[in-house]
There are 2 protein chains.
Amino acid sequence: MTMTYPRLNRDGAEPLWMQLMRALRTKIDSGELGPDQPLPSEAELSDMFSVSRTVVREALRELVQQRLIYKVKGRGAFVSPRKTELRFIGSMSGSADDLRESGRRVTTHTIRQTLGEADEREAALLQIPLGEQVVRIRRLRRVDGQPWLLVDTALPARLVPGLERAVLENQSLYDVLRRRYGLEPAAADRWIEAVFPDREDAAVLEVSTSTPLLGIESVAWLDDNTRFEAYYALHRSDQTRFYVGIR
Amino acid sequence: MTMTYPRLNRDGAEPLWMQLMRALRTKIDSGELGPDQPLPSEAELSDMFSVSRTVVREALRELVQQRLIYKVKGRGAFVSPRKTELRFIGSMSGSADDLRESGRRVTTHTIRQTLGEADEREAALLQIPLGEQVVRIRRLRRVDGQPWLLVDTALPARLVPGLERAVLENQSLYDVLRRRYGLEPAAADRWIEAVFPDREDAAVLEVSTSTPLLGIESVAWLDDNTRFEAYYALHRSDQTRFYVGIR
DNA sequence: TCCGCAGACCTGTAATGACAGGCTAGCGAG
DNA sequence: CTCGCTAGCCTGTCATTACAGGTCTGCGGA
């Protein structure tokens with residue numbers, strides 16, 4: 001199978017492994033590399049791109065971490081785009097749409113928008129230096145008037161200049177990011193835990209501090225792997241259950 | 001600061017980087033390495049353990065990936081105060097494997113296997129008539145010895161004849177279904193909620209009845225749309241958080 | 001034709017060396 | 001005492017080499 005691959009840029013502006021990773025991801029996204037299609041071996045890739053196996057492995061590791069390919073034990077060994085994918089249908093914007101579709105009234109109220117310096121958690125999630133400027137947004141989403149989801153979002157200010165002053169009332173944050181800043185989410189990780197709210201959060205959500213809630217931490221990134229949004233959401237699971245579809 | 005570190009086992013039974021990773025993780029879990037405490041530099045670790053920087057970097061990479069430490073540009077990798085967080089990949093068979101890969105010991109104990117008649121919930125989820133025979137399996141999964149996940153599975157007996165007598169100890173149920181019955185999961189739906197366990201479940205999971213847990217309901221089906229498995233799992237989210245990747 | 005085994009292929013692991021560029025501490029000048 | 005600069009430390013990146021052990025393919029014998 002002969003495939004055309006872009007030549008890698010060696011001016012040091014971007015790591016070789018990242019360029020290679022992007023090149024492979026493009027093939028996967030475009031469908032040129034379909035499900036169960038094995039990638040060339042590490043040695044072959046190393047030859048094709050004239051880079052060391054170190055670089056190849058770095059690129060493949062990243063793709064595995066992004067769950068775009070998976071490893072097959074042994075021969076021919078690597079990968080193919082994942083067929084069984086996690087689809088998170090209950091994503092924040094998706095679920096609101098779903099609820100609207102089923103005749104619920106969904107409103108989003110912005111409680112606070114501030115500019116600040118990234119704390120340790122934000123820095124780690126967004127992969128930015130500690131103290132870099134971030135825009136923080138705290139929003140409450142209601143379904144049929146009932147508090148449903150309390151979200152604390154942080155975004156690197158560098159990527160969204162002026163967002164701390166934008167009017168977000170009842171708007172989808174993702175729409176704003178797309179229209180105003182051209183930011184298109186490519187993927188995300190989420191972690192879910194069961195927690196109790198602190199006094200303040202409990203008051204906002206109108207529950208007691210001994211009501212178990214879902215805590216959802218999320219990081220979303222762009223095509224080029226830049227982390228652009230991190231949030232922690234508290235979800236009243238007595239109102240609705242969190243839905244995850246796996247396809 | 002002088003710290004005692006275990007000597008690494010070089011018989012090749014376990015990769016050096018994994019031993020090193022575990023050694024560092026132990027320090028972090030025990031609190032010996034606290035928040036904002038910088039780790040030794042790569043070169044220092046390399047000296048201390050008499051391994052190459054390759055090994056050190058492999059171990060650190062894994063710790064970063066597990067989000068137990070985060071990197072600060074420049075000097076030393078810092079330990080984060082974040083609570084221990086394992087990744088539960090929500091994919092069908094991946095979860096236990098992923099944990100094992102990140103160096104945890106995963107065991108599965110079968111508490112009960114019975115044959116019975118589908119109740120209302122099971123019938124609805126599996127789309128079978130009320131009263132049809134189902135195999136019920138109750139299993140407890142532990143990570144590093146700690147109770148982690150309590151799963152009650154129900155499968156239509158028609159699809160898995162004899163499963164109620166199969167030995168499942170420490171086996172992946174999905175492997176058994178695949179090898180023994182040729183059942184290949186195609187997709188699944190999951191719903192997640194935050195709940196308190198009842199007395200019995202709390203005892204099995206070794207928590208109090210006022211510990212908030214994740215309740216996960218799931219239905220999986222085959223290519224031809226046949227529902228073949230329904231389960232309800234209780235997940236100790238103080239141990240790990242539920243991981244969902246969105247691609 | 002079928003089966004078994006040897007050798008080729010491939011990945012995982014590990015050591016080593018090298019260099020660029022960022023960050024910091026400490027020194028020296030003002 | 002303060003400010004600025006430099007040397008050294010540290011990480012990120014990349015190349016090369018080596019070897020063990022698992023997997024697969026194809027050849028040759030039955």
# chains A, B, ... in the order shown; residues from 1 in each chain; ligands from 1

call {"tool": "residues_around", "arguments": {"residues": "DG21 (chain D)", "least_positions_apart": "3", "cutoff": "12 Å", "atoms": "only C-alpha atoms (C1' of nucleotides)", "output": "list in words"}}
result
Gly74 of chain A; Gly12 of chain B; DC10, DT11, DG12 and DT13 of chain C

call {"tool": "write_last_selection", "arguments": {"atoms": "N, CA and C atoms (P, O5', C5', C4', C3', O3' and C1' of nucleotides)", "output": "compact mmCIF listing (two decimals), in the first residue's frame"}}
result
# COMPACT_ATOMS: atom_id res chain seq x y z
N GLY A 74 1.69 -8.39 19.56
CA GLY A 74 2.49 -9.16 18.63
C GLY A 74 2.72 -8.55 17.27
N GLY B 12 13.90 -8.93 35.22
CA GLY B 12 13.11 -8.80 34.00
C GLY B 12 11.66 -9.22 34.16
P DC C 10 7.92 -6.26 9.93
O5' DC C 10 7.63 -6.03 11.47
C5' DC C 10 6.47 -6.62 12.05
C4' DC C 10 6.51 -6.42 13.53
C3' DC C 10 6.93 -5.01 13.97
O3' DC C 10 5.83 -4.35 14.57
C1' DC C 10 7.99 -6.72 15.26
P DT C 11 6.01 -2.89 15.21
O5' DT C 11 6.02 -3.20 16.76
C5' DT C 11 5.02 -4.03 17.30
C4' DT C 11 5.37 -4.40 18.72
C3' DT C 11 5.59 -3.20 19.65
O3' DT C 11 4.88 -3.44 20.85
C1' DT C 11 7.46 -4.64 19.71
P DG C 12 4.78 -2.33 22.00
O5' DG C 12 5.84 -2.85 23.05
C5' DG C 12 5.60 -4.06 23.74
C4' DG C 12 6.69 -4.29 24.76
C3' DG C 12 6.97 -3.07 25.65
O3' DG C 12 7.09 -3.53 26.99
C1' DG C 12 8.97 -3.77 24.54
P DT C 13 7.30 -2.52 28.17
O5' DT C 13 8.89 -2.52 28.31
C5' DT C 13 9.55 -3.74 28.57
C4' DT C 13 11.02 -3.53 28.49
C3' DT C 13 11.54 -2.33 29.28
O3' DT C 13 12.32 -2.83 30.36
C1' DT C 13 12.56 -2.51 27.15

call {"tool": "interface_residues", "arguments": {"of": "chain D", "to": "chain A", "cutoff": "8 Å", "atoms": "only C-alpha atoms (C1' of nucleotides)", "output": "list in words"}}
result
DT13, DC14, DA15, DG22, DT23 and DC24 of chain D

call {"tool": "closest_atom_pairs", "arguments": {"of": "chain C", "to": "chain B", "cutoff": "9 Å", "atoms": "only C-alpha atoms (C1' of nucleotides)", "output": "CSV"}}
result
residue,atom,partner,partner_atom,distance
C:DT13,C1',B:Pro15,CA,7.1
C:DA14,C1',B:Val55,CA,7.3
C:DA15,C1',B:Ser52,CA,6.1
C:DT16,C1',B:Ser52,CA,8.2
C:DG22,C1',B:Gly74,CA,6.3
C:DC23,C1',B:Gly74,CA,5.3
C:DT24,C1',B:Arg75,CA,8.6

call {"tool": "write_last_selection", "arguments": {"atoms": "N, CA and C atoms (P, O5', C5', C4', C3', O3' and C1' of nucleotides)", "output": "PDB file, in the first residue's frame"}}
result
ATOM      1  P    DT C  13       7.302  -2.519  28.174  1.00  0.00           P
ATOM      2  O5'  DT C  13       8.885  -2.521  28.309  1.00  0.00           O
ATOM      3  C5'  DT C  13       9.546  -3.741  28.569  1.00  0.00           C
ATOM      4  C4'  DT C  13      11.021  -3.534  28.489  1.00  0.00           C
ATOM      5  C3'  DT C  13      11.536  -2.327  29.284  1.00  0.00           C
ATOM      6  O3'  DT C  13      12.317  -2.829  30.355  1.00  0.00           O
ATOM      7  C1'  DT C  13      12.558  -2.511  27.148  1.00  0.00           C
ATOM      8  P    DA C  14      12.790  -1.868  31.526  1.00  0.00           P
ATOM      9  O5'  DA C  14      14.172  -1.335  30.965  1.00  0.00           O
ATOM     10  C5'  DA C  14      15.201  -2.277  30.704  1.00  0.00           C
ATOM     11  C4'  DA C  14      16.352  -1.588  30.004  1.00  0.00           C
ATOM     12  C3'  DA C  14      16.736  -0.220  30.570  1.00  0.00           C
ATOM     13  O3'  DA C  14      17.947  -0.394  31.309  1.00  0.00           O
ATOM     14  C1'  DA C  14      16.862  -0.308  28.185  1.00  0.00           C
ATOM     15  P    DA C  15      18.640   0.819  32.052  1.00  0.00           P
ATOM     16  O5'  DA C  15      19.788   1.177  31.010  1.00  0.00           O
ATOM     17  C5'  DA C  15      20.613   0.132  30.523  1.00  0.00           C
ATOM     18  C4'  DA C  15      21.633   0.715  29.564  1.00  0.00           C
ATOM     19  C3'  DA C  15      22.256   2.038  30.040  1.00  0.00           C
ATOM     20  O3'  DA C  15      23.666   1.952  29.899  1.00  0.00           O
ATOM     21  C1'  DA C  15      21.332   2.298  27.872  1.00  0.00           C
ATOM     22  P    DT C  16      24.595   3.102  30.501  1.00  0.00           P
ATOM     23  O5'  DT C  16      24.882   4.023  29.234  1.00  0.00           O
ATOM     24  C5'  DT C  16      25.121   3.405  27.981  1.00  0.00           C
ATOM     25  C4'  DT C  16      25.243   4.472  26.921  1.00  0.00           C
ATOM     26  C3'  DT C  16      25.736   5.842  27.427  1.00  0.00           C
ATOM     27  O3'  DT C  16      26.891   6.196  26.691  1.00  0.00           O
ATOM     28  C1'  DT C  16      23.848   6.086  26.043  1.00  0.00           C
ATOM     29  P    DG C  22      13.711  29.372  24.766  1.00  0.00           P
ATOM     30  O5'  DG C  22      13.054  29.113  26.189  1.00  0.00           O
ATOM     31  C5'  DG C  22      12.308  27.916  26.408  1.00  0.00           C
ATOM     32  C4'  DG C  22      12.355  27.557  27.879  1.00  0.00           C
ATOM     33  C3'  DG C  22      12.204  28.761  28.813  1.00  0.00           C
ATOM     34  O3'  DG C  22      11.443  28.355  29.929  1.00  0.00           O
ATOM     35  C1'  DG C  22      14.239  27.677  29.258  1.00  0.00           C
ATOM     36  P    DC C  23      10.714  29.451  30.809  1.00  0.00           P
ATOM     37  O5'  DC C  23      11.417  29.268  32.219  1.00  0.00           O
ATOM     38  C5'  DC C  23      11.601  27.949  32.731  1.00  0.00           C
ATOM     39  C4'  DC C  23      12.616  27.998  33.834  1.00  0.00           C
ATOM     40  C3'  DC C  23      12.543  29.255  34.715  1.00  0.00           C
ATOM     41  O3'  DC C  23      12.359  28.810  36.048  1.00  0.00           O
ATOM     42  C1'  DC C  23      14.771  28.804  34.019  1.00  0.00           C
ATOM     43  P    DT C  24      12.174  29.891  37.232  1.00  0.00           P
ATOM     44  O5'  DT C  24      13.584  29.783  37.966  1.00  0.00           O
ATOM     45  C5'  DT C  24      14.226  28.526  38.013  1.00  0.00           C
ATOM     46  C4'  DT C  24      15.514  28.648  38.802  1.00  0.00           C
ATOM     47  C3'  DT C  24      15.519  29.763  39.838  1.00  0.00           C
ATOM     48  O3'  DT C  24      16.227  29.293  40.972  1.00  0.00           O
ATOM     49  C1'  DT C  24      17.254  30.122  38.282  1.00  0.00           C
TER      50       DT C  24
END

call {"tool": "select_by_dssp", "arguments": {"residues": "region 174-225 of chain A", "states": "alpha helix (DSSP H)", "output": "JSON, numbers by chain"}}
result
{"A": [174, 175, 176, 177, 178, 179, 180, 181, 199, 200, 201, 202, 203, 204, 205]}

call {"tool": "write_last_selection", "arguments": {"atoms": "N, CA, C and O atoms", "output": "CSV table (one decimal), in the first residue's frame"}}
result
chain,number,residue,atom,x,y,z
A,174,TYR,N,-20.1,26.7,23.8
A,174,TYR,CA,-19.4,26.1,22.6
A,174,TYR,C,-19.7,26.9,21.4
A,174,TYR,O,-18.9,27.1,20.5
A,175,ASP,N,-21.0,27.4,21.3
A,175,ASP,CA,-21.3,28.2,20.1
A,175,ASP,C,-20.5,29.5,20.1
A,175,ASP,O,-20.0,29.9,19.1
A,176,VAL,N,-20.4,30.1,21.3
A,176,VAL,CA,-19.6,31.4,21.4
A,176,VAL,C,-18.2,31.1,21.0
A,176,VAL,O,-17.6,31.9,20.3
A,177,LEU,N,-17.6,30.0,21.6
A,177,LEU,CA,-16.2,29.7,21.2
A,177,LEU,C,-16.0,29.5,19.8
A,177,LEU,O,-15.0,29.9,19.2
A,178,ARG,N,-17.0,28.9,19.2
A,178,ARG,CA,-16.9,28.6,17.7
A,178,ARG,C,-17.0,29.9,16.9
A,178,ARG,O,-16.2,30.2,16.1
A,179,ARG,N,-18.1,30.6,17.2
A,179,ARG,CA,-18.4,31.8,16.3
A,179,ARG,C,-17.4,32.9,16.6
A,179,ARG,O,-17.0,33.6,15.6
A,180,ARG,N,-17.1,33.1,17.8
A,180,ARG,CA,-16.3,34.3,18.1
A,180,ARG,C,-14.8,34.0,18.0
A,180,ARG,O,-14.0,34.9,17.7
A,181,TYR,N,-14.4,32.8,18.4
A,181,TYR,CA,-12.9,32.6,18.4
A,181,TYR,C,-12.5,31.5,17.4
A,181,TYR,O,-11.3,31.2,17.3
A,199,ARG,N,-21.2,23.9,51.0
A,199,ARG,CA,-22.4,24.7,51.3
A,199,ARG,C,-22.9,25.6,50.2
A,199,ARG,O,-24.1,25.7,49.9
A,200,GLU,N,-21.9,26.3,49.6
A,200,GLU,CA,-22.3,27.3,48.6
A,200,GLU,C,-22.9,26.6,47.4
A,200,GLU,O,-24.0,27.0,46.9
A,201,ASP,N,-22.2,25.5,46.9
A,201,ASP,CA,-22.8,24.8,45.7
A,201,ASP,C,-24.1,24.2,46.0
A,201,ASP,O,-25.0,24.3,45.2
A,202,ALA,N,-24.3,23.7,47.2
A,202,ALA,CA,-25.6,23.1,47.6
A,202,ALA,C,-26.7,24.2,47.5
A,202,ALA,O,-27.8,23.9,47.0
A,203,ALA,N,-26.4,25.4,48.0
A,203,ALA,CA,-27.4,26.4,48.0
A,203,ALA,C,-27.8,26.8,46.5
A,203,ALA,O,-28.9,26.9,46.2
A,204,VAL,N,-26.8,26.9,45.7
A,204,VAL,CA,-27.1,27.2,44.3
A,204,VAL,C,-27.9,26.1,43.6
A,204,VAL,O,-28.9,26.4,42.9
A,205,LEU,N,-27.6,24.9,43.9
A,205,LEU,CA,-28.3,23.8,43.3
A,205,LEU,C,-29.6,23.5,44.1
A,205,LEU,O,-30.4,22.6,43.7

call {"tool": "select_by_dssp", "arguments": {"residues": "region 102-172 of chain B", "states": "strand (DSSP E or B)", "output": "PyMOL selection string"}}
result
chain B and resi 106-117+133-143+146-156

call {"tool": "write_last_selection", "arguments": {"atoms": "N, CA, C and O atoms", "output": "CSV table (one decimal), in the first residue's frame"}}
result
chain,number,residue,atom,x,y,z
B,106,VAL,N,-5.6,-6.1,39.4
B,106,VAL,CA,-7.1,-6.2,39.3
B,106,VAL,C,-7.5,-7.6,39.5
B,106,VAL,O,-7.1,-8.5,38.8
B,107,THR,N,-8.4,-7.8,40.5
B,107,THR,CA,-8.9,-9.2,40.6
B,107,THR,C,-10.5,-9.1,40.6
B,107,THR,O,-11.0,-8.1,40.9
B,108,THR,N,-11.0,-10.2,40.2
B,108,THR,CA,-12.5,-10.2,40.1
B,108,THR,C,-13.0,-11.5,40.8
B,108,THR,O,-12.6,-12.6,40.5
B,109,HIS,N,-13.9,-11.2,41.8
B,109,HIS,CA,-14.4,-12.4,42.5
B,109,HIS,C,-15.9,-12.5,42.2
B,109,HIS,O,-16.6,-11.5,42.3
B,110,THR,N,-16.3,-13.7,41.9
B,110,THR,CA,-17.7,-14.0,41.6
B,110,THR,C,-18.4,-14.3,42.9
B,110,THR,O,-18.1,-15.3,43.6
B,111,ILE,N,-19.3,-13.5,43.3
B,111,ILE,CA,-20.0,-13.7,44.6
B,111,ILE,C,-21.2,-14.7,44.4
B,111,ILE,O,-21.4,-15.5,45.3
B,112,ARG,N,-21.9,-14.6,43.3
B,112,ARG,CA,-23.0,-15.4,43.1
B,112,ARG,C,-23.3,-15.6,41.6
B,112,ARG,O,-23.1,-14.7,40.9
B,113,GLN,N,-23.8,-16.8,41.3
B,113,GLN,CA,-24.2,-17.1,39.9
B,113,GLN,C,-25.5,-17.8,40.0
B,113,GLN,O,-25.5,-18.9,40.6
B,114,THR,N,-26.6,-17.3,39.5
B,114,THR,CA,-27.9,-18.1,39.6
B,114,THR,C,-28.7,-18.0,38.3
B,114,THR,O,-28.4,-17.1,37.5
B,115,LEU,N,-29.6,-18.8,38.3
B,115,LEU,CA,-30.5,-18.8,37.2
B,115,LEU,C,-31.9,-18.4,37.7
B,115,LEU,O,-32.3,-18.8,38.8
B,116,GLY,N,-32.6,-17.5,37.0
B,116,GLY,CA,-33.9,-17.1,37.6
B,116,GLY,C,-34.8,-16.5,36.5
B,116,GLY,O,-34.4,-16.6,35.3
B,117,GLU,N,-35.9,-15.9,36.9
B,117,GLU,CA,-36.8,-15.4,35.9
B,117,GLU,C,-36.7,-13.9,35.9
B,117,GLU,O,-36.6,-13.2,36.9
B,133,GLN,N,-36.1,-16.9,31.4
B,133,GLN,CA,-34.9,-17.2,32.2
B,133,GLN,C,-33.7,-16.3,31.9
B,133,GLN,O,-33.4,-16.0,30.8
B,134,VAL,N,-33.1,-15.9,33.0
B,134,VAL,CA,-31.9,-15.1,32.9
B,134,VAL,C,-30.8,-15.6,33.9
B,134,VAL,O,-31.2,-16.2,34.9
B,135,VAL,N,-29.6,-15.5,33.4
B,135,VAL,CA,-28.5,-15.8,34.3
B,135,VAL,C,-28.1,-14.5,35.0
B,135,VAL,O,-27.9,-13.5,34.4
B,136,ARG,N,-28.0,-14.6,36.3
B,136,ARG,CA,-27.6,-13.5,37.1
B,136,ARG,C,-26.2,-13.7,37.7
B,136,ARG,O,-26.0,-14.8,38.3
B,137,ILE,N,-25.4,-12.7,37.6
B,137,ILE,CA,-24.0,-12.9,38.1
B,137,ILE,C,-23.7,-11.6,39.0
B,137,ILE,O,-23.9,-10.5,38.5
B,138,ARG,N,-23.2,-11.9,40.2
B,138,ARG,CA,-22.8,-10.8,41.0
B,138,ARG,C,-21.3,-10.9,41.3
B,138,ARG,O,-20.8,-11.9,41.7
B,139,ARG,N,-20.6,-9.8,40.9
B,139,ARG,CA,-19.2,-9.9,41.0
B,139,ARG,C,-18.6,-8.6,41.7
B,139,ARG,O,-19.2,-7.6,41.6
B,140,LEU,N,-17.5,-8.9,42.4
B,140,LEU,CA,-16.8,-7.8,43.0
B,140,LEU,C,-15.4,-7.7,42.4
B,140,LEU,O,-14.7,-8.6,42.3
B,141,ARG,N,-15.1,-6.5,41.9
B,141,ARG,CA,-13.8,-6.3,41.3
B,141,ARG,C,-13.0,-5.4,42.3
B,141,ARG,O,-13.5,-4.4,42.8
B,142,ARG,N,-11.7,-5.8,42.5
B,142,ARG,CA,-10.9,-5.1,43.4
B,142,ARG,C,-9.7,-4.6,42.6
B,142,ARG,O,-9.2,-5.2,41.7
B,143,VAL,N,-9.2,-3.4,43.0
B,143,VAL,CA,-8.0,-2.9,42.5
B,143,VAL,C,-7.0,-2.7,43.6
B,143,VAL,O,-7.3,-2.1,44.6
B,146,GLN,N,-8.3,-3.3,47.1
B,146,GLN,CA,-9.4,-2.5,47.5
B,146,GLN,C,-10.7,-2.8,46.7
B,146,GLN,O,-10.6,-2.8,45.5
B,147,PRO,N,-11.8,-3.0,47.4
B,147,PRO,CA,-13.1,-3.1,46.6
B,147,PRO,C,-13.3,-1.9,45.7
B,147,PRO,O,-13.0,-0.7,46.2
B,148,TRP,N,-13.8,-2.1,44.5
B,148,TRP,CA,-13.8,-1.0,43.6
B,148,TRP,C,-15.1,-0.9,42.8
B,148,TRP,O,-15.6,0.1,42.6
B,149,LEU,N,-15.6,-2.1,42.5
B,149,LEU,CA,-16.8,-2.1,41.6
B,149,LEU,C,-17.6,-3.4,41.9
B,149,LEU,O,-17.0,-4.5,42.0
B,150,LEU,N,-18.8,-3.2,42.2
B,150,LEU,CA,-19.7,-4.3,42.5
B,150,LEU,C,-20.8,-4.3,41.3
B,150,LEU,O,-21.5,-3.4,41.1
B,151,VAL,N,-20.8,-5.4,40.6
B,151,VAL,CA,-21.6,-5.5,39.4
B,151,VAL,C,-22.6,-6.6,39.5
B,151,VAL,O,-22.3,-7.7,39.8
B,152,ASP,N,-23.8,-6.3,39.2
B,152,ASP,CA,-24.9,-7.3,39.1
B,152,ASP,C,-25.3,-7.3,37.6
B,152,ASP,O,-25.9,-6.4,37.1
B,153,THR,N,-25.0,-8.4,37.0
B,153,THR,CA,-25.2,-8.6,35.6
B,153,THR,C,-26.4,-9.6,35.4
B,153,THR,O,-26.5,-10.6,36.1
B,154,ALA,N,-27.1,-9.3,34.3
B,154,ALA,CA,-28.2,-10.3,34.0
B,154,ALA,C,-28.1,-10.5,32.5
B,154,ALA,O,-27.9,-9.6,31.7
B,155,LEU,N,-28.1,-11.8,32.1
B,155,LEU,CA,-28.1,-12.1,30.6
B,155,LEU,C,-29.2,-13.1,30.3
B,155,LEU,O,-29.5,-14.0,31.2
B,156,PRO,N,-29.8,-13.0,29.2
B,156,PRO,CA,-30.8,-14.0,28.8
B,156,PRO,C,-30.2,-15.4,28.7
B,156,PRO,O,-29.2,-15.6,28.0

call {"tool": "atom_distance", "arguments": {"atom1": "CA of Pro40 (chain A)", "atom2": "CA of Met21 (chain A)"}}
result
13.4 Å

call {"tool": "residues_around", "arguments": {"residues": "DC3 (chain C)", "least_positions_apart": "3", "cutoff": "12 Å", "atoms": "only C-alpha atoms (C1' of nucleotides)", "output": "mmCIF file with N, CA and C atoms (P, O5', C5', C4', C3', O3' and C1' of nucleotides), in the first residue's frame"}}
result
data_model
loop_
_atom_site.group_PDB
_atom_site.id
_atom_site.type_symbol
_atom_site.label_atom_id
_atom_site.label_comp_id
_atom_site.auth_asym_id
_atom_site.auth_seq_id
_atom_site.Cartn_x
_atom_site.Cartn_y
_atom_site.Cartn_z
ATOM 1 P P DC D 27 8.061 -20.369 0.645
ATOM 2 O "O5'" DC D 27 9.248 -21.392 0.891
ATOM 3 C "C5'" DC D 27 10.159 -21.168 1.970
ATOM 4 C "C4'" DC D 27 10.463 -22.493 2.657
ATOM 5 C "C3'" DC D 27 10.466 -23.707 1.728
ATOM 6 O "O3'" DC D 27 11.600 -24.493 1.996
ATOM 7 C "C1'" DC D 27 8.986 -24.076 3.535
ATOM 8 P P DG D 28 12.072 -25.562 0.935
ATOM 9 O "O5'" DG D 28 12.101 -26.897 1.788
ATOM 10 C "C5'" DG D 28 12.464 -26.843 3.162
ATOM 11 C "C4'" DG D 28 11.868 -28.036 3.878
ATOM 12 C "C3'" DG D 28 11.827 -29.315 3.043
ATOM 13 O "O3'" DG D 28 12.160 -30.409 3.870
ATOM 14 C "C1'" DG D 28 9.672 -28.811 3.785
ATOM 15 P P DG D 29 12.599 -31.763 3.230
ATOM 16 O "O5'" DG D 29 11.922 -32.819 4.223
ATOM 17 C "C5'" DG D 29 11.922 -32.564 5.620
ATOM 18 C "C4'" DG D 29 10.684 -33.158 6.241
ATOM 19 C "C3'" DG D 29 10.393 -34.611 5.806
ATOM 20 O "O3'" DG D 29 9.960 -35.339 6.951
ATOM 21 C "C1'" DG D 29 8.523 -33.255 5.345
ATOM 22 P P DA D 30 9.834 -36.909 6.906
ATOM 23 O "O5'" DA D 30 8.291 -37.166 7.102
ATOM 24 C "C5'" DA D 30 7.637 -36.680 8.276
ATOM 25 C "C4'" DA D 30 6.139 -36.875 8.131
ATOM 26 C "C3'" DA D 30 5.730 -38.281 7.670
ATOM 27 O "O3'" DA D 30 4.617 -38.715 8.435
ATOM 28 C "C1'" DA D 30 4.837 -36.668 6.209
#

call {"tool": "closest_residue", "arguments": {"among": "B:Val64, B:Leu173, B:Val219, B:Val207", "to": "Ala123 (chain B)", "atoms": "only C-alpha atoms"}}
result
B:Val219

call {"tool": "atom_distance", "arguments": {"atom1": "CA of Ala233 (chain B)", "atom2": "CA of Asp198 (chain A)"}}
result
26.2 Å

call {"tool": "residues_around", "arguments": {"residues": "Ala194 (chain B)", "least_positions_apart": "6", "cutoff": "12 Å", "atoms": "only C-alpha atoms (C1' of nucleotides)", "output": "PyMOL selection string"}}
result
(chain A and resi 192-196+210-216+234-242) or (chain B and resi 210-217+233-237+242)

call {"tool": "closest_residue", "arguments": {"among": "A:Gly131, A:Pro38, A:Gly31, A:Gly162", "to": "chain B", "atoms": "only C-alpha atoms"}}
result
A:Gly131
